[in-house]
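Novice: The structure under discussion is supplied below as structure tokens; questions concerning it will follow.
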Amino acid sequence: MIIFAPLIYQNMLKTLLKTSLVAALAVSLFSCSSTPEEGVVNVYTHRHYEADQLIFDKFTEKTGIKVNVVSASADELIQKLELEGANSPADVLITVDAGRLHRAETKGLLQTISSEILDTNIPSKFRNPEGYWFGLTYRARILAYSKERVKAEELSTYEALTAPEWKGRILTRSSENIYNQSLLASIIAANGSAGAEKWAADLLANMSRSPKGSDRDQVKAVASGEGDVAIVNTYYIGIMLNDANEEERKAAEKVGIFFPNQGDRGTHINISGAGVTKYAPNKENAIKLLEFLSEPESQEILANINFEYPVNPSVEVSDLLKKWGNFKTDDLNLSKLGENNNEAVIIFDKVGWK
């Protein structure tokens with residue numbers, strides 16, 4: 001039985017099963033072929049929100065182009081694209097975090113496109129300079145603090161969380177999480193490799209527990225008193241405040257929202273984004289879908305249903321986000337998050353941030 005096998009064989013079996021699963025995805029998840037089909041666009045997406053399907057339905061209603069969707073994790077979709085190669089039916093890859101989009105780009109899974117509509121609707125900092133991918137929404141990585149034990153005026157920057165007074169009070173996810181990798185990548189860009197390594201080591205020393213769990217779990221830990229300040233994405237707070245589960249709502253109500261680094265570079269942000277796949281059989285339809293996703297109608301849906309910030313500057317944020325107020329964002333081109341990702345992973349490993 002597997003449970004009695006040596007650990008090394010258990011790990012080998014897990015890897016084999018995962019590889020087999022992805023191989024199965026490459027064969028069975030999509031029923032269409034890689035032959036161009038009039039009136040069709042095939043989307044591989046990591047996002048799993050009802051807002052997305054609503055937008056896809058509106059796109060079909062407006063254009064007559066049917067949207068076929070395959071949903072899986074970002075890693076599974078990227079591996080699926082690699083396995084399929086030139087035979088892939090996928091036209092569009094949608095995922096979260098610029099680091100993952102950069103990974104798909106460097107693996108040769110995306111192609112450059114040119115669109116005046118995309119260039120008009122999406123500011124340059126939210127898109128790849130060469131046109132490999134485009135941001136659709138953004139979220140800020142903020143400080144969720146205990147309203148009972150922390151005053152907002154005690155907070156300032158990501159860097160200040162390493163001060164002695166925060167010893168045993170900080171909460172965040174593991175270093176395997178792409179959101180933390182991108183945060184550290186932004187700190188590398190701002191403070192250099194040595195500064196980023198010192199920050200990671202000092203923040204780790206100030207944590208109230210070993211890094212673990214989701215962003216929701218960090219908020220719950222602050223609410224329960226396990227820590228005082230958590231590093232989380234804004235949209236998780238929005239989702240929790242509007243959750244049908246009373247426990248989720250009460251936890252989110254106990255934390256305040258603080259946008260760090262307003263006195264210098266601004267708060268770190270990241271995106272959900274999309275690119276046209278390298279071998280897209282329906283390239284023109286793919287570009288039309290990306291353009292539609294950047295238009296005000298789609299951006300308003302994303303902003304109001306999923307509590308994300310629209311990349312299109314002509315679109316207002318949701319009422320909840322308005323309550324949190326305006327804030328200065330880090331103007332770093334998000335391509336840098338992908339470029340610095342490997343170094344961020346190395347630093348996390350070096351300082352022992354698991």
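We label chains A, B, ... in the order they appear in the structure tokens, count residues from 1 in each chain, and number ligands from 1 in the order shown.
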Just list as a PyMOL selection string whatever in stretch 80-329 of chain A DSSP marks as helix (DSSP H, G or I).
Specialist: chain A and resi 80-87+98-106+116-121+124-126+152-154+159-162+164-166+178-205+215-224+234-241+246-253+283-294+296-305+319-324
Novice: Enumerate, as a ChimeraX atom specification, the complete set of residues in stretch 246-338 of chain A that a backbone-based DSSP assignment places in strand (DSSP E or B).
Specialist: /A:255-258,267,269-277,309-310,329
Novice: Pick the closest to A:Ser182 from A:Asn270, A:Asn326, A:Ser115, A:Ser224: which is it, counting only C-alpha atoms?
Specialist: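 Residue with the minimum atom-to-atom distance to A:Ser182: A:Asn270.
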Novice: Could you pull the residues within 9 Å of stretch 298-307 of chain A, counting only C-alpha atoms, minus those fewer than 5 positions along the same chain, as a list of chain:residue names?
Specialist: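 These residues fall inside the cut-off: A:Tyr49, A:Glu50, A:Ala51, A:Asp52, A:Leu54, A:Ile55, A:Lys58, A:Leu136, A:Thr137, A:Arg139, A:Thr234, A:Tyr235, A:Tyr236, A:Ile237, A:Gly238, A:Ile239, A:Phe292, A:Leu293, A:Asn312, A:Val315, A:Glu316, A:Val317, A:Ser318, A:Asp319, A:Leu320, A:Leu321.
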Novice: Just C-alpha atoms for this one: save the residues we selected as a tab-separated table (two decimals), in the first residue's frame.
Specialist:
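What follows is the written file selection21.tsv:
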```tsv
chain	number	residue	atom	x	y	z
A	49	TYR	CA	-15.17	33.84	-11.18
A	50	GLU	CA	-18.78	34.16	-12.31
A	51	ALA	CA	-17.98	37.66	-13.53
A	52	ASP	CA	-15.78	36.17	-16.24
A	54	LEU	CA	-20.95	36.81	-17.59
A	55	ILE	CA	-18.52	38.78	-19.74
A	58	LYS	CA	-21.97	39.22	-23.37
A	136	LEU	CA	-7.29	43.06	-17.31
A	137	THR	CA	-7.67	43.99	-13.64
A	139	ARG	CA	-5.27	44.23	-7.07
A	234	THR	CA	-7.41	43.68	-1.58
A	235	TYR	CA	-9.98	41.64	-3.46
A	236	TYR	CA	-9.92	38.89	-0.82
A	237	ILE	CA	-11.15	41.42	1.72
A	238	GLY	CA	-13.93	42.48	-0.62
A	239	ILE	CA	-15.01	38.90	-1.24
A	292	PHE	CA	-13.75	43.40	-25.38
A	293	LEU	CA	-12.32	42.57	-21.94
A	312	ASN	CA	-9.13	50.99	-17.91
A	315	VAL	CA	-13.98	53.05	-15.37
A	316	GLU	CA	-14.85	53.76	-11.74
A	317	VAL	CA	-14.08	51.30	-8.96
A	318	SER	CA	-16.80	49.60	-6.92
A	319	ASP	CA	-18.48	51.39	-4.01
A	320	LEU	CA	-16.53	49.29	-1.50
A	321	LEU	CA	-13.18	50.20	-3.03
```
Novice: Near A:Asp57, within 9 Å and counting only C-alpha atoms, which residues show up once chain neighbours fewer than 4 positions away are dropped, as a PyMOL selection string?
Specialist: chain A and resi 52-53+61-62+66-67
Novice: To one decimal place, how far is atom CA of A:Gly266 from atom CA of A:Asp331 in Å?
Specialist: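 If I compute the distance from atom CA of A:Gly266 to atom CA of A:Asp331, I get 7.6 Å.
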